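Chemist: Before we start, here is the structure in question, set down as structure tokens.
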Amino acid sequence: MNTRYALGIDIGGSGIKGAIVDLKKGEFAVDRLRIPTPRPATPEAVAAIVKQIADHFSAELGDAPIGITVPAVVTHGITRSAANIDPSWVDAPAERIFEEALGRPITLVNDADAAGIAEVRWGAAKDHPGLVIVTTLGTGIGTAVIHKGVLIPNQELGHIEMNGADAEPQAAASVKDREELSYETWATERLQPYYERLEFLTWPDLIVVGGGVSKEAQKFLPLLKLKTPIVPAHLRNAAGIVGAAWLAVDRLANPDELKDLTPEDMKRMAPEKIKSEAKKAKKDKKK
């Protein structure tokens, strides 16, 4: 990829943040802009804020790609879930909504996936040759799975079973704050069983822990006893923006060939038919 700069925008529960990213360095090329997340945070309301951020950087951006993260599962431009944002995101054609608001193509990705790819390319797992799992501990637990530098998107491993129930409501950083747990109690009683279970199910070569709480990693990571090395993230709050920008440039080289097919199309087609129909849909869209 020859494109050096792209705009990354990270949609969070309280704020929407964006910056031009230098993809040779993996860092912001200009100061970021943050605007509070609207209430209610519907796709259309959020798209209006995203347009403000894109307009703010228009001089530096030019026709460079735009990548946007959202706290949701994203499949072929459709948001399938809604974490800490309005329920109207579920099954919304969110990528199209953003493209219409901005008047240009964009790449919409899961926020943990963006953070994960950033940590593998420039952060704590830079150039790691094996299986890396990046976890983001915050209001929930986001996860990204990267094998030999290739992202496997939308792996919702924060919701694996732990103690017979969903792990996220038991182990997220927000639980520590809400229940006023000490770092030691949180690490030994909540994080230890979560990461043990994650390790048993996936057998990674490295686990990276991100999210705001990672700046206090020395208070809890040394308490975890795992077979897998576990380290704090390096990029922290910049990771989502940086990763979104990189994934937007990657989309230029590796377009989503399934974006213009409906789920019904894919259910009834054999794999080779899906590929041919995807190419046909792409040609029809350009006409």
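Chains: A, B, ... in order of the structure tokens. Residues: from 1 per chain. Ligands: from 1, in order shown.
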List the neighbours of stretch 11-13 of chain A out to 7 Å using only C-alpha atoms; skip same-chain residues closer than 2 positions along the sequence, and give me the result as a PDB file with all heavy atoms, in the first residue's frame.

Modeler:
ATOM      1  N   ILE A   9     -11.362   7.460  12.576  1.00  0.00           N
ATOM      2  CA  ILE A   9     -12.376   8.006  13.486  1.00  0.00           C
ATOM      3  C   ILE A   9     -12.855   6.878  14.381  1.00  0.00           C
ATOM      4  O   ILE A   9     -13.224   5.802  13.897  1.00  0.00           O
ATOM      5  CB  ILE A   9     -13.561   8.629  12.717  1.00  0.00           C
ATOM      6  CG1 ILE A   9     -13.064   9.803  11.846  1.00  0.00           C
ATOM      7  CG2 ILE A   9     -14.643   9.104  13.689  1.00  0.00           C
ATOM      8  CD1 ILE A   9     -14.152  10.415  10.973  1.00  0.00           C
ATOM      9  N   GLY A  15     -17.519   9.749  23.527  1.00  0.00           N
ATOM     10  CA  GLY A  15     -16.907  10.687  22.603  1.00  0.00           C
ATOM     11  C   GLY A  15     -16.580  10.058  21.270  1.00  0.00           C
ATOM     12  O   GLY A  15     -16.353   8.848  21.167  1.00  0.00           O
ATOM     13  N   ILE A  16     -16.560  10.891  20.227  1.00  0.00           N
ATOM     14  CA  ILE A  16     -16.155  10.469  18.887  1.00  0.00           C
ATOM     15  C   ILE A  16     -14.870  11.216  18.570  1.00  0.00           C
ATOM     16  O   ILE A  16     -14.832  12.447  18.595  1.00  0.00           O
ATOM     17  CB  ILE A  16     -17.249  10.780  17.852  1.00  0.00           C
ATOM     18  CG1 ILE A  16     -18.545  10.046  18.230  1.00  0.00           C
ATOM     19  CG2 ILE A  16     -16.808  10.390  16.457  1.00  0.00           C
ATOM     20  CD1 ILE A  16     -19.743  10.417  17.374  1.00  0.00           C
ATOM     21  N   LYS A  17     -13.805  10.464  18.278  1.00  0.00           N
ATOM     22  CA  LYS A  17     -12.476  11.044  18.149  1.00  0.00           C
ATOM     23  C   LYS A  17     -11.909  10.721  16.772  1.00  0.00           C
ATOM     24  O   LYS A  17     -12.099   9.612  16.260  1.00  0.00           O
ATOM     25  CB  LYS A  17     -11.549  10.486  19.228  1.00  0.00           C
ATOM     26  CG  LYS A  17     -12.118  10.637  20.644  1.00  0.00           C
ATOM     27  CD  LYS A  17     -11.387   9.810  21.658  1.00  0.00           C
ATOM     28  CE  LYS A  17     -11.695   8.327  21.543  1.00  0.00           C
ATOM     29  NZ  LYS A  17     -13.064   7.979  21.939  1.00  0.00           N
ATOM     30  N   THR A  37     -20.320  12.218  22.010  1.00  0.00           N
ATOM     31  CA  THR A  37     -21.271  11.356  21.316  1.00  0.00           C
ATOM     32  C   THR A  37     -22.686  11.878  21.555  1.00  0.00           C
ATOM     33  O   THR A  37     -23.055  12.178  22.685  1.00  0.00           O
ATOM     34  CB  THR A  37     -21.151   9.909  21.832  1.00  0.00           C
ATOM     35  OG1 THR A  37     -19.806   9.462  21.644  1.00  0.00           O
ATOM     36  CG2 THR A  37     -22.096   8.979  21.087  1.00  0.00           C
ATOM     37  N   THR A  69     -14.398   3.307  13.310  1.00  0.00           N
ATOM     38  CA  THR A  69     -14.705   2.196  14.208  1.00  0.00           C
ATOM     39  C   THR A  69     -16.062   2.409  14.859  1.00  0.00           C
ATOM     40  O   THR A  69     -16.508   3.540  15.057  1.00  0.00           O
ATOM     41  CB  THR A  69     -13.667   2.045  15.335  1.00  0.00           C
ATOM     42  OG1 THR A  69     -13.952   2.993  16.378  1.00  0.00           O
ATOM     43  CG2 THR A  69     -12.252   2.243  14.846  1.00  0.00           C
ATOM     44  N   VAL A  70     -16.678   1.312  15.232  1.00  0.00           N
ATOM     45  CA  VAL A  70     -17.946   1.357  15.953  1.00  0.00           C
ATOM     46  C   VAL A  70     -17.962   0.198  16.947  1.00  0.00           C
ATOM     47  O   VAL A  70     -17.426  -0.876  16.652  1.00  0.00           O
ATOM     48  CB  VAL A  70     -19.135   1.280  14.965  1.00  0.00           C
ATOM     49  CG1 VAL A  70     -19.150  -0.050  14.239  1.00  0.00           C
ATOM     50  CG2 VAL A  70     -20.462   1.540  15.640  1.00  0.00           C
ATOM     51  N   PRO A  71     -18.530   0.389  18.138  1.00  0.00           N
ATOM     52  CA  PRO A  71     -18.592  -0.717  19.107  1.00  0.00           C
ATOM     53  C   PRO A  71     -19.710  -1.688  18.757  1.00  0.00           C
ATOM     54  O   PRO A  71     -20.730  -1.790  19.440  1.00  0.00           O
ATOM     55  CB  PRO A  71     -18.850   0.000  20.438  1.00  0.00           C
ATOM     56  CG  PRO A  71     -19.564   1.255  20.064  1.00  0.00           C
ATOM     57  CD  PRO A  71     -19.003   1.663  18.723  1.00  0.00           C
ATOM     58  N   ASN A  84     -23.144  -0.165  23.980  1.00  0.00           N
ATOM     59  CA  ASN A  84     -23.022   1.189  24.528  1.00  0.00           C
ATOM     60  C   ASN A  84     -23.422   2.278  23.534  1.00  0.00           C
ATOM     61  O   ASN A  84     -22.979   3.422  23.643  1.00  0.00           O
ATOM     62  CB  ASN A  84     -21.588   1.433  25.019  1.00  0.00           C
ATOM     63  CG  ASN A  84     -21.117   0.346  25.955  1.00  0.00           C
ATOM     64  OD1 ASN A  84     -21.797   0.015  26.919  1.00  0.00           O
ATOM     65  ND2 ASN A  84     -19.960  -0.243  25.648  1.00  0.00           N
ATOM     66  N   ILE A  85     -24.209   1.911  22.536  1.00  0.00           N
ATOM     67  CA  ILE A  85     -24.789   2.884  21.627  1.00  0.00           C
ATOM     68  C   ILE A  85     -26.251   2.516  21.427  1.00  0.00           C
ATOM     69  O   ILE A  85     -26.740   1.546  21.984  1.00  0.00           O
ATOM     70  CB  ILE A  85     -24.056   2.928  20.261  1.00  0.00           C
ATOM     71  CG1 ILE A  85     -23.874   1.513  19.698  1.00  0.00           C
ATOM     72  CG2 ILE A  85     -22.715   3.624  20.388  1.00  0.00           C
ATOM     73  CD1 ILE A  85     -23.223   1.490  18.320  1.00  0.00           C
TER      74      ILE A  85
END

Chemist: Please list as a CSV table (one decimal) with N, CA, C and O atoms, in the first residue's frame every residue within 9 Å of A:Val46, counting only C-alpha atoms and excluding residues in the same chain fewer than 4 positions away.

Modeler:
chain,number,residue,atom,x,y,z
A,11,ILE,N,-15.5,5.8,17.2
A,11,ILE,CA,-16.8,6.1,17.9
A,11,ILE,C,-16.9,5.4,19.2
A,11,ILE,O,-16.9,4.2,19.3
A,16,ILE,N,-16.6,10.9,20.2
A,16,ILE,CA,-16.2,10.5,18.9
A,16,ILE,C,-14.9,11.2,18.6
A,16,ILE,O,-14.8,12.4,18.6
A,37,THR,N,-20.3,12.2,22.0
A,37,THR,CA,-21.3,11.4,21.3
A,37,THR,C,-22.7,11.9,21.6
A,37,THR,O,-23.1,12.2,22.7
A,38,PRO,N,-23.5,12.0,20.5
A,38,PRO,CA,-24.8,12.6,20.7
A,38,PRO,C,-25.7,11.6,21.4
A,38,PRO,O,-25.5,10.4,21.5
A,40,PRO,N,-29.9,10.7,21.5
A,40,PRO,CA,-29.5,9.3,21.4
A,40,PRO,C,-28.4,9.1,20.3
A,40,PRO,O,-28.4,9.9,19.3
A,41,ALA,N,-27.6,8.1,20.4
A,41,ALA,CA,-26.5,7.9,19.5
A,41,ALA,C,-27.0,7.0,18.3
A,41,ALA,O,-26.5,5.9,18.1
A,42,THR,N,-27.9,7.4,17.5
A,42,THR,CA,-28.4,6.7,16.4
A,42,THR,C,-27.4,6.8,15.3
A,42,THR,O,-26.5,7.6,15.3
A,50,VAL,N,-19.6,12.6,12.7
A,50,VAL,CA,-18.4,12.1,11.9
A,50,VAL,C,-18.1,13.0,10.7
A,50,VAL,O,-17.0,13.3,10.4
A,51,LYS,N,-19.2,13.5,10.1
A,51,LYS,CA,-19.0,14.5,9.0
A,51,LYS,C,-18.3,15.8,9.5
A,51,LYS,O,-17.4,16.3,8.8
A,98,PHE,N,-23.1,6.3,6.6
A,98,PHE,CA,-21.9,7.1,6.7
A,98,PHE,C,-21.5,7.6,5.3
A,98,PHE,O,-21.1,8.8,5.2

Chemist: If we count only C-alpha atoms, what is near stretch 247-256 of chain A at a cut-off of 12 Å, once residues fewer than 4 positions away on the same chain are taken out, given as a PyMOL selection string?

Modeler: chain A and resi 1-9+21-23+63-69+75-77+105-111+113-118+121+150-151+153+239-243+260-261+275+278-279+281-282

Chemist: Can you pull out the residues contacting A:Pro222? Cut-off 12 Å, using only C-alpha atoms, and skip same-chain residues under 4 positions away; I want them as a PyMOL selection string.

Modeler: chain A and resi 183-184+187-188+191-192+216-218+226+229-232

Chemist: Just asking: which residues within stretch 46-100 of chain A are strand (DSSP E or B) according to DSSP, as a PyMOL selection string?

Modeler: chain A and resi 66-70+74-75+78-79+92

Chemist: Using DSSP on the backbone coordinates, identify all residues within stretch 57-253 of chain A classified as helix (DSSP H, G or I); present the result as a ChimeraX atom specification.

Modeler: /A:58-61,87-89,94-102,111-122,157-159,168-171,173-178,183-202,212-219,221-223,236-253

Chemist: Excluding A:Glu119 and any residue of its chain fewer than 4 positions from it, enumerate the residues within 8 Å of it, using only C-alpha atoms, and give them as a tab-separated table (two decimals) with N, CA, C and O atoms, in the first residue's frame.

Modeler:
chain	number	residue	atom	x	y	z
A	115	ALA	N	-8.26	-1.65	17.05
A	115	ALA	CA	-7.21	-1.57	18.07
A	115	ALA	C	-6.24	-2.73	17.96
A	115	ALA	O	-5.02	-2.56	18.11
A	123	GLY	N	2.44	-1.73	17.77
A	123	GLY	CA	2.41	-1.69	19.22
A	123	GLY	C	3.07	-2.87	19.89
A	123	GLY	O	4.14	-3.34	19.52
A	124	ALA	N	2.40	-3.39	20.92
A	124	ALA	CA	2.97	-4.41	21.79
A	124	ALA	C	3.21	-5.74	21.09
A	124	ALA	O	4.01	-6.55	21.55
A	125	ALA	N	2.53	-5.99	19.97
A	125	ALA	CA	2.68	-7.25	19.24
A	125	ALA	C	3.29	-7.03	17.86
A	125	ALA	O	3.08	-7.82	16.94
A	126	LYS	N	4.05	-5.95	17.70
A	126	LYS	CA	4.60	-5.58	16.39
A	126	LYS	C	5.35	-6.76	15.75
A	126	LYS	O	6.25	-7.33	16.34
A	134	VAL	N	-5.80	-9.64	21.12
A	134	VAL	CA	-5.81	-8.35	21.81
A	134	VAL	C	-7.15	-8.20	22.49
A	134	VAL	O	-8.21	-8.35	21.86
A	233	ALA	N	-0.99	-3.17	26.25
A	233	ALA	CA	-0.96	-2.51	24.94
A	233	ALA	C	-0.04	-1.29	24.99
A	233	ALA	O	0.18	-0.70	26.06
A	234	HIS	N	0.46	-0.90	23.84
A	234	HIS	CA	1.32	0.27	23.75
A	234	HIS	C	0.57	1.52	23.27
A	234	HIS	O	0.80	2.62	23.76
A	235	LEU	N	-0.35	1.34	22.31
A	235	LEU	CA	-0.99	2.50	21.69
A	235	LEU	C	-2.15	3.05	22.52
A	235	LEU	O	-2.55	4.19	22.32
A	239	ALA	N	-5.12	3.58	19.62
A	239	ALA	CA	-5.14	2.37	18.81
A	239	ALA	C	-6.33	2.30	17.86
A	239	ALA	O	-6.19	1.89	16.71

Chemist: Name the closest residue to A:Lys225 among the candidates A:Val209, A:Tyr195, A:Met266, A:Gly62; distances are taken between atoms, counting only C-alpha atoms.

Modeler: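 Going through A:Val209, A:Tyr195, A:Met266, A:Gly62 one by one, the smallest distance to A:Lys225 is for A:Tyr195.
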
Chemist: Find, counting only C-alpha atoms, the residue in A:Asp91, A:Pro43, A:Glu27, A:Arg178 that gets nearest to A:Arg236.

Modeler: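 Looking at the shortest contact to A:Arg236, the residue is A:Glu27.
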
Chemist: Just how far from atom CA of A:Ile53 is atom CA of A:Leu33, in Å to one decimal?

Modeler: 6.9 Å

Chemist: Nearest to A:Glu95 among A:Ala47, A:Pro193, A:Leu131, A:Ala83, with distances taken over only C-alpha atoms: which residue is it?

Modeler: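 Closest candidate: A:Ala47.
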
Chemist: Which residue is closest to A:Arg39? Choose from A:Gly142, A:Glu156, A:Asp86, A:Arg190 and count only C-alpha atoms.

Modeler: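 Residue with the minimum atom-to-atom distance to A:Arg39: A:Asp86.
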
Chemist: Could you pull the residues within 10 Å of A:Glu168, counting only C-alpha atoms, minus those fewer than 5 positions along the same chain, as a list in words?

Modeler: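 Listed by chain and then number, they are Leu137, Gly138, Thr139, Gly140, Ile141, Gly142, Leu157, Gly158, His159, Ile160, Glu161, Met162, Ala173, Ser174, Val175, Arg190 and Tyr194 of chain A.
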
Chemist: Take the residues from that selection and put them in a file with all heavy atoms, as a short mmCIF file (atom, residue, chain, number, x, y, z; two decimals), in the first residue's frame.

Modeler:
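Saved result, selection34.cif, follows:
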data_model
loop_
_atom_site.label_atom_id
_atom_site.label_comp_id
_atom_site.auth_asym_id
_atom_site.auth_seq_id
_atom_site.Cartn_x
_atom_site.Cartn_y
_atom_site.Cartn_z
N LEU A 137 -10.19 -3.94 27.72
CA LEU A 137 -10.98 -3.97 28.95
C LEU A 137 -11.53 -2.58 29.22
O LEU A 137 -10.78 -1.63 29.45
CB LEU A 137 -10.10 -4.42 30.13
CG LEU A 137 -9.46 -5.81 30.00
CD1 LEU A 137 -8.55 -6.09 31.18
CD2 LEU A 137 -10.53 -6.89 29.88
N GLY A 138 -12.84 -2.46 29.18
CA GLY A 138 -13.49 -1.18 29.43
C GLY A 138 -14.89 -1.41 29.95
O GLY A 138 -15.09 -2.23 30.85
N THR A 139 -15.86 -0.73 29.34
CA THR A 139 -17.26 -0.98 29.71
C THR A 139 -17.60 -2.44 29.46
O THR A 139 -18.33 -3.06 30.22
CB THR A 139 -18.19 -0.07 28.89
OG1 THR A 139 -17.80 1.29 29.09
CG2 THR A 139 -19.63 -0.25 29.31
N GLY A 140 -17.05 -2.97 28.38
CA GLY A 140 -17.18 -4.40 28.07
C GLY A 140 -15.80 -4.99 27.85
O GLY A 140 -14.79 -4.44 28.29
N ILE A 141 -15.75 -6.11 27.15
CA ILE A 141 -14.49 -6.74 26.78
C ILE A 141 -14.50 -6.94 25.27
O ILE A 141 -15.25 -7.76 24.75
CB ILE A 141 -14.29 -8.10 27.47
CG1 ILE A 141 -14.31 -7.96 28.99
CG2 ILE A 141 -12.96 -8.73 27.03
CD1 ILE A 141 -14.21 -9.27 29.74
N GLY A 142 -13.68 -6.17 24.59
CA GLY A 142 -13.53 -6.34 23.16
C GLY A 142 -12.36 -7.25 22.87
O GLY A 142 -11.40 -7.31 23.65
N LEU A 157 -14.99 -12.66 21.69
CA LEU A 157 -14.53 -13.56 22.74
C LEU A 157 -14.66 -12.98 24.14
O LEU A 157 -14.34 -13.64 25.12
CB LEU A 157 -13.07 -13.96 22.47
CG LEU A 157 -12.84 -14.68 21.14
CD1 LEU A 157 -11.36 -14.98 20.94
CD2 LEU A 157 -13.66 -15.96 21.06
N GLY A 158 -15.14 -11.76 24.24
CA GLY A 158 -15.49 -11.23 25.55
C GLY A 158 -16.73 -11.88 26.12
O GLY A 158 -17.02 -11.75 27.31
N HIS A 159 -17.45 -12.60 25.26
CA HIS A 159 -18.71 -13.22 25.67
C HIS A 159 -18.60 -14.74 25.82
O HIS A 159 -19.62 -15.43 25.82
CB HIS A 159 -19.81 -12.89 24.67
CG HIS A 159 -20.10 -11.43 24.57
ND1 HIS A 159 -20.73 -10.72 25.56
CD2 HIS A 159 -19.79 -10.52 23.59
CE1 HIS A 159 -20.83 -9.45 25.20
NE2 HIS A 159 -20.27 -9.31 24.02
N ILE A 160 -17.37 -15.25 25.94
CA ILE A 160 -17.25 -16.68 26.18
C ILE A 160 -17.84 -17.04 27.54
O ILE A 160 -18.00 -16.17 28.41
CB ILE A 160 -15.78 -17.14 26.10
CG1 ILE A 160 -14.91 -16.41 27.13
CG2 ILE A 160 -15.24 -16.95 24.69
CD1 ILE A 160 -13.48 -16.90 27.17
N GLU A 161 -18.15 -18.31 27.70
CA GLU A 161 -18.75 -18.77 28.97
C GLU A 161 -17.71 -18.79 30.09
O GLU A 161 -16.58 -19.24 29.91
CB GLU A 161 -19.35 -20.16 28.76
CG GLU A 161 -20.00 -20.76 30.01
CD GLU A 161 -19.00 -21.51 30.88
OE1 GLU A 161 -18.00 -22.03 30.35
OE2 GLU A 161 -19.22 -21.55 32.10
N MET A 162 -18.10 -18.25 31.22
CA MET A 162 -17.26 -18.29 32.41
C MET A 162 -18.17 -18.46 33.62
O MET A 162 -19.13 -17.71 33.79
CB MET A 162 -16.45 -16.99 32.54
CG MET A 162 -15.48 -16.95 33.70
SD MET A 162 -14.51 -15.41 33.70
CE MET A 162 -15.39 -14.47 34.94
N ALA A 173 -13.62 -4.08 32.95
CA ALA A 173 -13.09 -3.06 33.85
C ALA A 173 -14.21 -2.27 34.52
O ALA A 173 -14.07 -1.82 35.67
CB ALA A 173 -12.17 -2.11 33.07
N SER A 174 -15.34 -2.11 33.83
CA SER A 174 -16.46 -1.40 34.43
C SER A 174 -17.00 -2.12 35.66
O SER A 174 -17.52 -1.50 36.59
CB SER A 174 -17.58 -1.23 33.40
OG SER A 174 -18.01 -2.50 32.91
N VAL A 175 -16.87 -3.45 35.68
CA VAL A 175 -17.32 -4.25 36.83
C VAL A 175 -16.43 -3.95 38.04
O VAL A 175 -16.91 -3.82 39.17
CB VAL A 175 -17.29 -5.74 36.50
CG1 VAL A 175 -17.69 -6.57 37.72
CG2 VAL A 175 -18.20 -6.04 35.32
N ARG A 190 -11.64 -12.41 38.85
CA ARG A 190 -12.39 -12.15 37.63
C ARG A 190 -11.53 -12.35 36.37
O ARG A 190 -11.92 -13.10 35.46
CB ARG A 190 -12.96 -10.72 37.64
CG ARG A 190 -13.79 -10.39 38.87
CD ARG A 190 -14.99 -11.30 39.08
NE ARG A 190 -15.74 -10.99 40.27
CZ ARG A 190 -16.73 -10.09 40.33
NH1 ARG A 190 -17.08 -9.43 39.26
NH2 ARG A 190 -17.38 -9.87 41.47
N TYR A 194 -11.20 -15.62 33.47
CA TYR A 194 -11.53 -15.24 32.09
C TYR A 194 -10.39 -15.59 31.15
O TYR A 194 -10.58 -16.25 30.12
CB TYR A 194 -11.85 -13.74 31.99
CG TYR A 194 -11.93 -13.31 30.53
CD1 TYR A 194 -12.98 -13.75 29.73
CD2 TYR A 194 -10.94 -12.52 29.96
CE1 TYR A 194 -13.03 -13.40 28.38
CE2 TYR A 194 -10.99 -12.17 28.62
CZ TYR A 194 -12.04 -12.61 27.83
OH TYR A 194 -12.09 -12.28 26.50
#

Chemist: Enter the distance from atom CA of A:Phe220 to atom CA of A:Val145, in Å, rounded to one decimal.

Modeler: 22.3 Å

Chemist: Please determine, counting only C-alpha atoms, which residue among A:Val132, A:Thr143, A:Leu221, A:Ala238 has the shortest atom-to-atom distance to A:Pro204.

Modeler: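 Of all the options, A:Val132 lies closest to A:Pro204.
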